[in-house]
Structure formats: structure tokens, C-alpha cells
>>> print(open('entry17.pdb').read())   # PDB, C-alpha atoms
ATOM      1  CA  MET A   1      87.538  57.710  66.603  1.00  0.00           C
ATOM      2  CA  GLU A   2      90.965  56.722  67.780  1.00  0.00           C
ATOM      3  CA  LYS A   3      93.280  59.638  68.541  1.00  0.00           C
ATOM      4  CA  VAL A   4      90.337  62.034  68.934  1.00  0.00           C
ATOM      5  CA  HIS A   5      90.086  63.617  72.362  1.00  0.00           C
ATOM      6  CA  ILE A   6      86.623  65.100  72.962  1.00  0.00           C
ATOM      7  CA  LEU A   7      86.918  67.422  75.934  1.00  0.00           C
ATOM      8  CA  ASP A   8      83.499  67.279  77.583  1.00  0.00           C
ATOM      9  CA  HIS A   9      84.266  69.339  80.696  1.00  0.00           C
ATOM     10  CA  PRO A  10      81.132  71.252  81.815  1.00  0.00           C
ATOM     11  CA  LEU A  11      82.895  74.631  81.519  1.00  0.00           C
ATOM     12  CA  LEU A  12      83.879  73.870  77.919  1.00  0.00           C
ATOM     13  CA  GLN A  13      80.409  72.688  76.980  1.00  0.00           C
ATOM     14  CA  HIS A  14      78.821  75.763  78.545  1.00  0.00           C
ATOM     15  CA  LYS A  15      81.153  78.120  76.701  1.00  0.00           C
ATOM     16  CA  LEU A  16      80.675  76.243  73.436  1.00  0.00           C
ATOM     17  CA  SER A  17      76.913  76.774  73.742  1.00  0.00           C
ATOM     18  CA  ILE A  18      77.563  80.520  74.004  1.00  0.00           C
ATOM     19  CA  LEU A  19      79.512  80.362  70.733  1.00  0.00           C
ATOM     20  CA  ARG A  20      76.712  78.452  69.025  1.00  0.00           C
ATOM     21  CA  ASP A  21      74.138  81.126  69.922  1.00  0.00           C
ATOM     22  CA  GLU A  22      73.589  83.383  66.906  1.00  0.00           C
ATOM     23  CA  THR A  23      72.858  86.326  69.212  1.00  0.00           C
ATOM     24  CA  THR A  24      76.359  86.254  70.769  1.00  0.00           C
ATOM     25  CA  GLY A  25      78.150  89.425  69.627  1.00  0.00           C
ATOM     26  CA  VAL A  26      81.698  89.832  68.345  1.00  0.00           C
ATOM     27  CA  LYS A  27      83.221  90.949  71.653  1.00  0.00           C
ATOM     28  CA  ASP A  28      81.774  88.050  73.643  1.00  0.00           C
ATOM     29  CA  PHE A  29      82.439  85.529  70.868  1.00  0.00           C
ATOM     30  CA  ARG A  30      86.092  86.532  70.675  1.00  0.00           C
ATOM     31  CA  GLN A  31      86.481  86.379  74.460  1.00  0.00           C
ATOM     32  CA  VAL A  32      84.856  82.952  74.757  1.00  0.00           C
ATOM     33  CA  VAL A  33      86.975  81.499  71.919  1.00  0.00           C
ATOM     34  CA  SER A  34      90.056  82.607  73.854  1.00  0.00           C
ATOM     35  CA  GLU A  35      88.725  81.115  77.108  1.00  0.00           C
ATOM     36  CA  ILE A  36      87.946  77.793  75.390  1.00  0.00           C
ATOM     37  CA  ALA A  37      91.474  77.697  73.950  1.00  0.00           C
ATOM     38  CA  THR A  38      92.898  78.139  77.463  1.00  0.00           C
ATOM     39  CA  LEU A  39      90.810  75.289  78.838  1.00  0.00           C
ATOM     40  CA  MET A  40      91.633  73.011  75.895  1.00  0.00           C
ATOM     41  CA  CYS A  41      95.344  73.791  76.176  1.00  0.00           C
ATOM     42  CA  TYR A  42      95.328  72.369  79.699  1.00  0.00           C
ATOM     43  CA  GLU A  43      94.291  68.964  78.331  1.00  0.00           C
ATOM     44  CA  ALA A  44      96.289  69.054  75.097  1.00  0.00           C
ATOM     45  CA  THR A  45      99.538  69.607  77.013  1.00  0.00           C
ATOM     46  CA  ARG A  46      98.916  66.864  79.586  1.00  0.00           C
ATOM     47  CA  ASP A  47     101.633  64.627  78.108  1.00  0.00           C
ATOM     48  CA  LEU A  48     104.437  67.183  77.770  1.00  0.00           C
ATOM     49  CA  PRO A  49     107.745  65.634  78.886  1.00  0.00           C
ATOM     50  CA  MET A  50     108.931  66.529  82.394  1.00  0.00           C
ATOM     51  CA  GLU A  51     112.327  66.684  84.092  1.00  0.00           C
ATOM     52  CA  GLU A  52     113.460  67.160  87.689  1.00  0.00           C
ATOM     53  CA  VAL A  53     115.410  70.258  88.681  1.00  0.00           C
ATOM     54  CA  GLU A  54     116.950  71.365  91.957  1.00  0.00           C
ATOM     55  CA  ILE A  55     115.020  74.226  93.553  1.00  0.00           C
ATOM     56  CA  LYS A  56     115.523  75.922  96.905  1.00  0.00           C
ATOM     57  CA  THR A  57     112.249  76.796  98.592  1.00  0.00           C
ATOM     58  CA  PRO A  58     112.102  79.178 101.585  1.00  0.00           C
ATOM     59  CA  ILE A  59     112.283  76.030 103.736  1.00  0.00           C
ATOM     60  CA  CYS A  60     114.834  73.745 102.048  1.00  0.00           C
ATOM     61  CA  SER A  61     116.191  72.448  98.747  1.00  0.00           C
ATOM     62  CA  GLY A  62     114.499  69.693  96.778  1.00  0.00           C
ATOM     63  CA  LYS A  63     113.987  68.199  93.331  1.00  0.00           C
ATOM     64  CA  PHE A  64     110.844  69.273  91.530  1.00  0.00           C
ATOM     65  CA  LYS A  65     109.337  68.798  88.076  1.00  0.00           C
ATOM     66  CA  THR A  66     109.407  71.280  85.212  1.00  0.00           C
ATOM     67  CA  ILE A  67     108.623  70.931  81.511  1.00  0.00           C
ATOM     68  CA  ALA A  68     111.632  69.387  79.791  1.00  0.00           C
ATOM     69  CA  GLY A  69     113.663  70.707  76.882  1.00  0.00           C
ATOM     70  CA  LYS A  70     112.197  72.722  74.040  1.00  0.00           C
ATOM     71  CA  LYS A  71     108.678  73.636  74.968  1.00  0.00           C
ATOM     72  CA  LEU A  72     105.767  74.419  72.702  1.00  0.00           C
ATOM     73  CA  ALA A  73     105.101  76.141  69.448  1.00  0.00           C
ATOM     74  CA  ILE A  74     101.566  76.984  68.427  1.00  0.00           C
ATOM     75  CA  VAL A  75     100.623  77.526  64.798  1.00  0.00           C
ATOM     76  CA  PRO A  76      97.274  79.174  64.072  1.00  0.00           C
ATOM     77  CA  VAL A  77      95.773  78.627  60.634  1.00  0.00           C
ATOM     78  CA  LEU A  78      94.945  82.127  59.376  1.00  0.00           C
ATOM     79  CA  ARG A  79      92.739  83.768  60.064  1.00  0.00           C
ATOM     80  CA  ALA A  80      90.300  82.140  62.478  1.00  0.00           C
ATOM     81  CA  GLY A  81      93.080  80.317  64.337  1.00  0.00           C
ATOM     82  CA  LEU A  82      94.375  83.691  65.557  1.00  0.00           C
ATOM     83  CA  GLY A  83      91.409  83.836  67.919  1.00  0.00           C
ATOM     84  CA  MET A  84      92.835  80.923  69.919  1.00  0.00           C
ATOM     85  CA  VAL A  85      96.405  82.207  70.311  1.00  0.00           C
ATOM     86  CA  ASP A  86      96.051  84.550  73.295  1.00  0.00           C
ATOM     87  CA  GLY A  87      94.127  81.954  75.286  1.00  0.00           C
ATOM     88  CA  ILE A  88      97.036  79.527  75.031  1.00  0.00           C
ATOM     89  CA  LEU A  89      99.698  82.172  75.679  1.00  0.00           C
ATOM     90  CA  THR A  90      97.857  82.941  78.923  1.00  0.00           C
ATOM     91  CA  LEU A  91      98.923  79.502  80.166  1.00  0.00           C
ATOM     92  CA  ILE A  92     102.223  79.155  78.305  1.00  0.00           C
ATOM     93  CA  PRO A  93     103.597  82.658  77.665  1.00  0.00           C
ATOM     94  CA  SER A  94     106.940  81.250  76.511  1.00  0.00           C
ATOM     95  CA  ALA A  95     105.414  79.326  73.599  1.00  0.00           C
ATOM     96  CA  LYS A  96     106.619  80.439  70.196  1.00  0.00           C
ATOM     97  CA  VAL A  97     104.051  81.241  67.527  1.00  0.00           C
ATOM     98  CA  GLY A  98     104.210  80.320  63.853  1.00  0.00           C
ATOM     99  CA  HIS A  99     101.612  81.328  61.263  1.00  0.00           C
ATOM    100  CA  ILE A 100     100.250  79.571  58.227  1.00  0.00           C
ATOM    101  CA  GLY A 101      97.825  80.983  55.675  1.00  0.00           C
ATOM    102  CA  LEU A 102      95.894  78.834  53.210  1.00  0.00           C
ATOM    103  CA  TYR A 103      93.350  79.471  50.490  1.00  0.00           C
ATOM    104  CA  ARG A 104      91.366  77.019  48.406  1.00  0.00           C
ATOM    105  CA  ASP A 105      92.221  76.920  44.697  1.00  0.00           C
ATOM    106  CA  PRO A 106      88.893  77.539  42.879  1.00  0.00           C
ATOM    107  CA  ASN A 107      89.738  75.042  40.146  1.00  0.00           C
ATOM    108  CA  THR A 108      91.301  72.137  42.034  1.00  0.00           C
ATOM    109  CA  LEU A 109      89.597  72.927  45.390  1.00  0.00           C
ATOM    110  CA  GLU A 110      92.904  71.992  47.042  1.00  0.00           C
ATOM    111  CA  PRO A 111      94.444  74.185  49.787  1.00  0.00           C
ATOM    112  CA  VAL A 112      97.304  76.427  48.636  1.00  0.00           C
ATOM    113  CA  GLU A 113      99.792  77.977  51.056  1.00  0.00           C
ATOM    114  CA  TYR A 114     100.031  81.772  50.701  1.00  0.00           C
ATOM    115  CA  TYR A 115     101.891  82.547  53.919  1.00  0.00           C
ATOM    116  CA  CYS A 116     104.081  80.477  56.215  1.00  0.00           C
ATOM    117  CA  LYS A 117     106.414  81.780  58.919  1.00  0.00           C
ATOM    118  CA  MET A 118     107.798  79.433  61.546  1.00  0.00           C
ATOM    119  CA  PRO A 119     110.181  79.811  64.509  1.00  0.00           C
ATOM    120  CA  SER A 120     113.729  78.868  63.499  1.00  0.00           C
ATOM    121  CA  ASP A 121     113.798  75.962  65.968  1.00  0.00           C
ATOM    122  CA  ILE A 122     110.321  74.661  65.103  1.00  0.00           C
ATOM    123  CA  ALA A 123     111.647  71.140  64.366  1.00  0.00           C
ATOM    124  CA  GLU A 124     112.731  70.772  67.999  1.00  0.00           C
ATOM    125  CA  ARG A 125     109.373  71.738  69.450  1.00  0.00           C
ATOM    126  CA  GLU A 126     106.025  70.140  70.151  1.00  0.00           C
ATOM    127  CA  VAL A 127     103.578  71.873  67.810  1.00  0.00           C
ATOM    128  CA  ILE A 128      99.869  72.463  68.277  1.00  0.00           C
ATOM    129  CA  VAL A 129      97.981  73.570  65.157  1.00  0.00           C
ATOM    130  CA  LEU A 130      95.042  75.857  65.967  1.00  0.00           C
ATOM    131  CA  ASP A 131      91.856  76.200  63.928  1.00  0.00           C
ATOM    132  CA  PRO A 132      88.426  76.647  65.546  1.00  0.00           C
ATOM    133  CA  MET A 133      86.606  74.543  62.939  1.00  0.00           C
ATOM    134  CA  LEU A 134      87.558  71.157  61.464  1.00  0.00           C
ATOM    135  CA  ALA A 135      85.068  70.872  58.595  1.00  0.00           C
ATOM    136  CA  THR A 136      86.244  69.046  55.453  1.00  0.00           C
ATOM    137  CA  GLY A 137      89.707  68.643  56.939  1.00  0.00           C
ATOM    138  CA  GLY A 138      91.465  69.787  53.771  1.00  0.00           C
ATOM    139  CA  SER A 139      93.021  72.918  55.225  1.00  0.00           C
ATOM    140  CA  ALA A 140      93.999  71.241  58.506  1.00  0.00           C
ATOM    141  CA  SER A 141      95.618  68.322  56.690  1.00  0.00           C
ATOM    142  CA  ALA A 142      97.553  70.685  54.411  1.00  0.00           C
ATOM    143  CA  ALA A 143      98.677  72.835  57.354  1.00  0.00           C
ATOM    144  CA  ILE A 144      99.935  69.759  59.202  1.00  0.00           C
ATOM    145  CA  GLN A 145     101.864  68.620  56.135  1.00  0.00           C
ATOM    146  CA  PHE A 146     103.471  72.045  55.658  1.00  0.00           C
ATOM    147  CA  ILE A 147     104.581  71.951  59.300  1.00  0.00           C
ATOM    148  CA  LYS A 148     105.936  68.402  58.976  1.00  0.00           C
ATOM    149  CA  ASN A 149     107.952  69.609  55.999  1.00  0.00           C
ATOM    150  CA  TYR A 150     109.960  71.687  58.486  1.00  0.00           C
ATOM    151  CA  GLY A 151     111.037  68.488  60.215  1.00  0.00           C
ATOM    152  CA  VAL A 152     108.508  68.632  63.058  1.00  0.00           C
ATOM    153  CA  LYS A 153     107.959  65.200  64.601  1.00  0.00           C
ATOM    154  CA  HIS A 154     105.247  65.902  67.165  1.00  0.00           C
ATOM    155  CA  VAL A 155     102.068  67.641  65.943  1.00  0.00           C
ATOM    156  CA  LYS A 156      98.657  67.973  67.581  1.00  0.00           C
ATOM    157  CA  LEU A 157      95.543  69.590  66.155  1.00  0.00           C
ATOM    158  CA  MET A 158      93.249  71.686  68.343  1.00  0.00           C
ATOM    159  CA  ASN A 159      89.737  72.521  67.099  1.00  0.00           C
ATOM    160  CA  ILE A 160      86.784  73.869  69.018  1.00  0.00           C
ATOM    161  CA  LEU A 161      84.323  72.042  66.752  1.00  0.00           C
ATOM    162  CA  ALA A 162      84.850  69.114  64.389  1.00  0.00           C
ATOM    163  CA  ALA A 163      82.828  67.267  61.776  1.00  0.00           C
ATOM    164  CA  PRO A 164      83.243  63.507  61.236  1.00  0.00           C
ATOM    165  CA  GLU A 165      84.359  64.194  57.650  1.00  0.00           C
ATOM    166  CA  GLY A 166      87.223  66.397  58.838  1.00  0.00           C
ATOM    167  CA  ILE A 167      88.340  63.897  61.460  1.00  0.00           C
ATOM    168  CA  ALA A 168      88.362  61.122  58.858  1.00  0.00           C
ATOM    169  CA  ARG A 169      90.440  63.234  56.447  1.00  0.00           C
ATOM    170  CA  VAL A 170      93.071  64.143  59.048  1.00  0.00           C
ATOM    171  CA  HIS A 171      93.265  60.542  60.279  1.00  0.00           C
ATOM    172  CA  LYS A 172      93.700  59.282  56.730  1.00  0.00           C
ATOM    173  CA  ASP A 173      96.455  61.765  55.876  1.00  0.00           C
ATOM    174  CA  HIS A 174      98.111  61.997  59.302  1.00  0.00           C
ATOM    175  CA  PRO A 175      97.378  58.955  61.473  1.00  0.00           C
ATOM    176  CA  ASP A 176     100.044  60.088  63.958  1.00  0.00           C
ATOM    177  CA  VAL A 177      98.280  63.370  64.827  1.00  0.00           C
ATOM    178  CA  ASP A 178      96.008  63.608  67.880  1.00  0.00           C
ATOM    179  CA  ILE A 179      92.923  65.813  67.527  1.00  0.00           C
ATOM    180  CA  TYR A 180      91.558  67.767  70.496  1.00  0.00           C
ATOM    181  CA  CYS A 181      88.057  69.236  70.222  1.00  0.00           C
ATOM    182  CA  ALA A 182      85.176  70.267  72.441  1.00  0.00           C
ATOM    183  CA  ALA A 183      82.512  68.527  70.309  1.00  0.00           C
ATOM    184  CA  VAL A 184      81.986  66.472  67.172  1.00  0.00           C
ATOM    185  CA  ASP A 185      78.864  67.646  65.351  1.00  0.00           C
ATOM    186  CA  GLU A 186      76.543  65.802  62.946  1.00  0.00           C
ATOM    187  CA  GLY A 187      78.324  66.587  59.693  1.00  0.00           C
ATOM    188  CA  LEU A 188      78.585  69.124  56.870  1.00  0.00           C
ATOM    189  CA  ASN A 189      75.874  70.810  54.825  1.00  0.00           C
ATOM    190  CA  GLU A 190      76.041  71.353  51.064  1.00  0.00           C
ATOM    191  CA  HIS A 191      78.121  74.519  51.587  1.00  0.00           C
ATOM    192  CA  GLY A 192      80.736  72.744  53.718  1.00  0.00           C
ATOM    193  CA  TYR A 193      79.571  74.300  57.006  1.00  0.00           C
ATOM    194  CA  ILE A 194      79.451  72.206  60.171  1.00  0.00           C
ATOM    195  CA  VAL A 195      75.873  71.360  61.288  1.00  0.00           C
ATOM    196  CA  PRO A 196      74.594  72.532  63.750  1.00  0.00           C
ATOM    197  CA  GLY A 197      77.940  74.278  64.192  1.00  0.00           C
ATOM    198  CA  LEU A 198      78.307  77.950  65.002  1.00  0.00           C
ATOM    199  CA  GLY A 199      78.564  79.626  61.589  1.00  0.00           C
ATOM    200  CA  ASP A 200      81.789  81.041  60.186  1.00  0.00           C
ATOM    201  CA  ALA A 201      84.234  81.290  63.086  1.00  0.00           C
ATOM    202  CA  GLY A 202      86.479  83.820  61.319  1.00  0.00           C
ATOM    203  CA  ASP A 203      83.597  86.159  60.530  1.00  0.00           C
ATOM    204  CA  ARG A 204      82.279  85.921  64.077  1.00  0.00           C
ATOM    205  CA  ILE A 205      85.695  86.489  65.690  1.00  0.00           C
ATOM    206  CA  PHE A 206      86.581  89.494  63.529  1.00  0.00           C
ATOM    207  CA  GLY A 207      83.123  90.902  62.828  1.00  0.00           C
ATOM    208  CA  THR A 208      83.307  90.468  59.051  1.00  0.00           C
ATOM    209  CA  LYS A 209      80.098  89.388  57.398  1.00  0.00           C
TER     210      LYS A 209
END
>>> encode(input="entry17.pdb", output="C-alpha cells")
Amino acid sequence: MEKVHILDHPLLQHKLSILRDETTGVKDFRQVVSEIATLMCYEATRDLPMEEVEIKTPICSGKFKTIAGKKLAIVPVLRAGLGMVDGILTLIPSAKVGHIGLYRDPNTLEPVEYYCKMPSDIAEREVIVLDPMLATGGSASAAIQFIKNYGVKHVKLMNILAAPEGIARVHKDHPDVDIYCAAVDEGLNEHGYIVPGLGDAGDRIFGTK
């Protein structure tokens, strides 16, 4: 599982168990998704480039590190990915936000883009694609390709939960993309849901069932 970063911090695992619980209500589910995104963002941004700048403290001047150049853009895959946006903006309020919407063609079963809006300077930014669930990997792979079509060179994928099938699909289509997730589950059932998973993340975030 090269290029897969499984973030097994106790806080993440505890919060993930809350999401798995079928009795967790919409309000708590939404809040915990946001908290998990914040914790995952800390790890996913560990390798951002740094530069030294001159800063005067109350005591004296010195050279100190800040994030270099164009910072981050985050791109949630609609709609479930929206649940992760605020958690990341808590840490990096200056990040720009793109949006991508996909649906699955009922005949070909391939993802089709129905909405895509990116920051004008997206090609100059590090991009993190957000989607709570990496199941078959079809939508994530398509979203990454749409973003690459804008000239983006550095893409990461952040999922709360992943299935081995989804990881394999993304690795096959985009071997340059690192995947960050809190757990890799057993696999998919006949309906394409992650097992044991946590159900439909979009429905549970927005209360639509």
C-alpha cells in the first residue's frame, strides 16, 4: 500500500468509532467529520514547502519559517466532501476552495462531471481532494483527473475511510497521488458500500435518508 498514509492517532480512531455508530445523530456526525478533517489536515500538510522570513519579535529580529509561495487549495467532491471543508479551514483559513460535482452514468457506470469551479490560480497550488469515503475509487479518480486537467501538479486525496478496491483504483490511475485516510476497511459489499464502514456519509452529514 505504497503512498497510503493510514493515520492511526488515538484521537482519530476514537472519533472514527463515533462515526461508525449507527446511533450517532446528524449534528454529532457532522461535527465529528469536521474534527477528523482538522486532525487529518495536520498530517496531510506535513510536507508543505517552507521559507525563512525576517520577523521582529518583542525581543529582537530573527529569521523564522513560514509556508512558502502559493499555499493550499482544497477541493471537496460534492456533496459529502463539503463536510470536511470547515475542519480544514479552521487550520488554514487562507486556503482557497474549489468544488467538483460528479454523478455516475447509469448506462456506462462511469463518473460524469456536472459541476466544476476552481480558483483561477489552482495550477500554482498544492491541492487536497476531499471525500469522506473511498469506495470503488471511480469518483475519486475522475475528480483527480479533472483537477489535473487544470494543470495542477501536486494532488493529495484525503478520505476518512477507504476500501482496498478504491485504493487500488486510485493507485492504478494516479500513481503520483498520496492517499490519507483514518482506516482501510475490509472491502465493498454488493451495493458498493464499504464494510463495516459507516453507511452513506452524505446522508449522515446532511440528514437525507
>>> residues_near_point(input="entry17.pdb", point="(105.4, 87.2, 72.0)", cutoff="12 Å", atoms="all atoms listed in the file", output="PyMOL selection string")
chain A and resi 73-74+85-86+88-90+92-98+119
>>> write_last_selection(input="entry17.pdb", atoms="C-alpha atoms", output="CSV table (one decimal), in the frame of the given file")
chain,number,residue,atom,x,y,z
A,73,ALA,CA,105.1,76.1,69.4
A,74,ILE,CA,101.6,77.0,68.4
A,85,VAL,CA,96.4,82.2,70.3
A,86,ASP,CA,96.1,84.6,73.3
A,88,ILE,CA,97.0,79.5,75.0
A,89,LEU,CA,99.7,82.2,75.7
A,90,THR,CA,97.9,82.9,78.9
A,92,ILE,CA,102.2,79.2,78.3
A,93,PRO,CA,103.6,82.7,77.7
A,94,SER,CA,106.9,81.2,76.5
A,95,ALA,CA,105.4,79.3,73.6
A,96,LYS,CA,106.6,80.4,70.2
A,97,VAL,CA,104.1,81.2,67.5
A,98,GLY,CA,104.2,80.3,63.9
A,119,PRO,CA,110.2,79.8,64.5
>>> resolve_selection(input="entry17.pdb", expression="the PyMOL selection byres ((chain A and resi 155) around 7)", output="ChimeraX atom specification")
/A:126-128,153-154,156-157,177
>>> closest_residue(input="entry17.pdb", among="A:Tyr180, A:Phe206, A:Tyr193, A:Tyr103", to="Ala44 of chain A", atoms="only C-alpha atoms")
A:Tyr180
>>> axis_aligned_box(input="entry17.pdb", around="segment 63-80 of chain A", padding_each_side="6 Å", output="AutoDock Vina command-line options")
--center_x 102.1 --center_y 76.0 --center_z 76.4 --size_x 35.7 --size_y 27.6 --size_z 46.0
>>> resolve_selection(input="entry17.pdb", expression="the PyMOL selection byres ((chain A and resi 171) around 12)", output="list in words")
Met1, Glu2, Lys3, Val4, Gly137, Gly138, Ala140, Ser141, Ile144, Lys156, Leu157, Pro164, Glu165, Gly166, Ile167, Ala168, Arg169, Val170, Lys172, Asp173, His174, Pro175, Asp176, Val177, Asp178 and Ile179 of chain A
>>> residues_near_point(input="entry17.pdb", point="(98.9, 75.7, 53.4)", cutoff="6 Å", atoms="all atoms listed in the file", output="list of chain:residue names")
A:Gly101, A:Leu102, A:Pro111, A:Val112, A:Glu113, A:Ala142, A:Ala143
>>> closest_residue(input="entry17.pdb", among="A:Gln145, A:Thr66, A:Thr136, A:Thr208", to="Gly192 of chain A", atoms="all atoms listed in the file")
A:Thr136
>>> atom_distance(input="entry17.pdb", atom1="atom CA of Arg204 of chain A", atom2="atom CA of Val26 of chain A")
5.8 Å
>>> closest_residue(input="entry17.pdb", among="A:Val75, A:Cys116, A:Ala68, A:Ala163", to="Val53 of chain A", atoms="only C-alpha atoms")
A:Ala68
>>> closest_residue(input="entry17.pdb", among="A:Val195, A:Ala162, A:Leu12, A:Leu188", to="Val32 of chain A", atoms="only C-alpha atoms")
A:Leu12
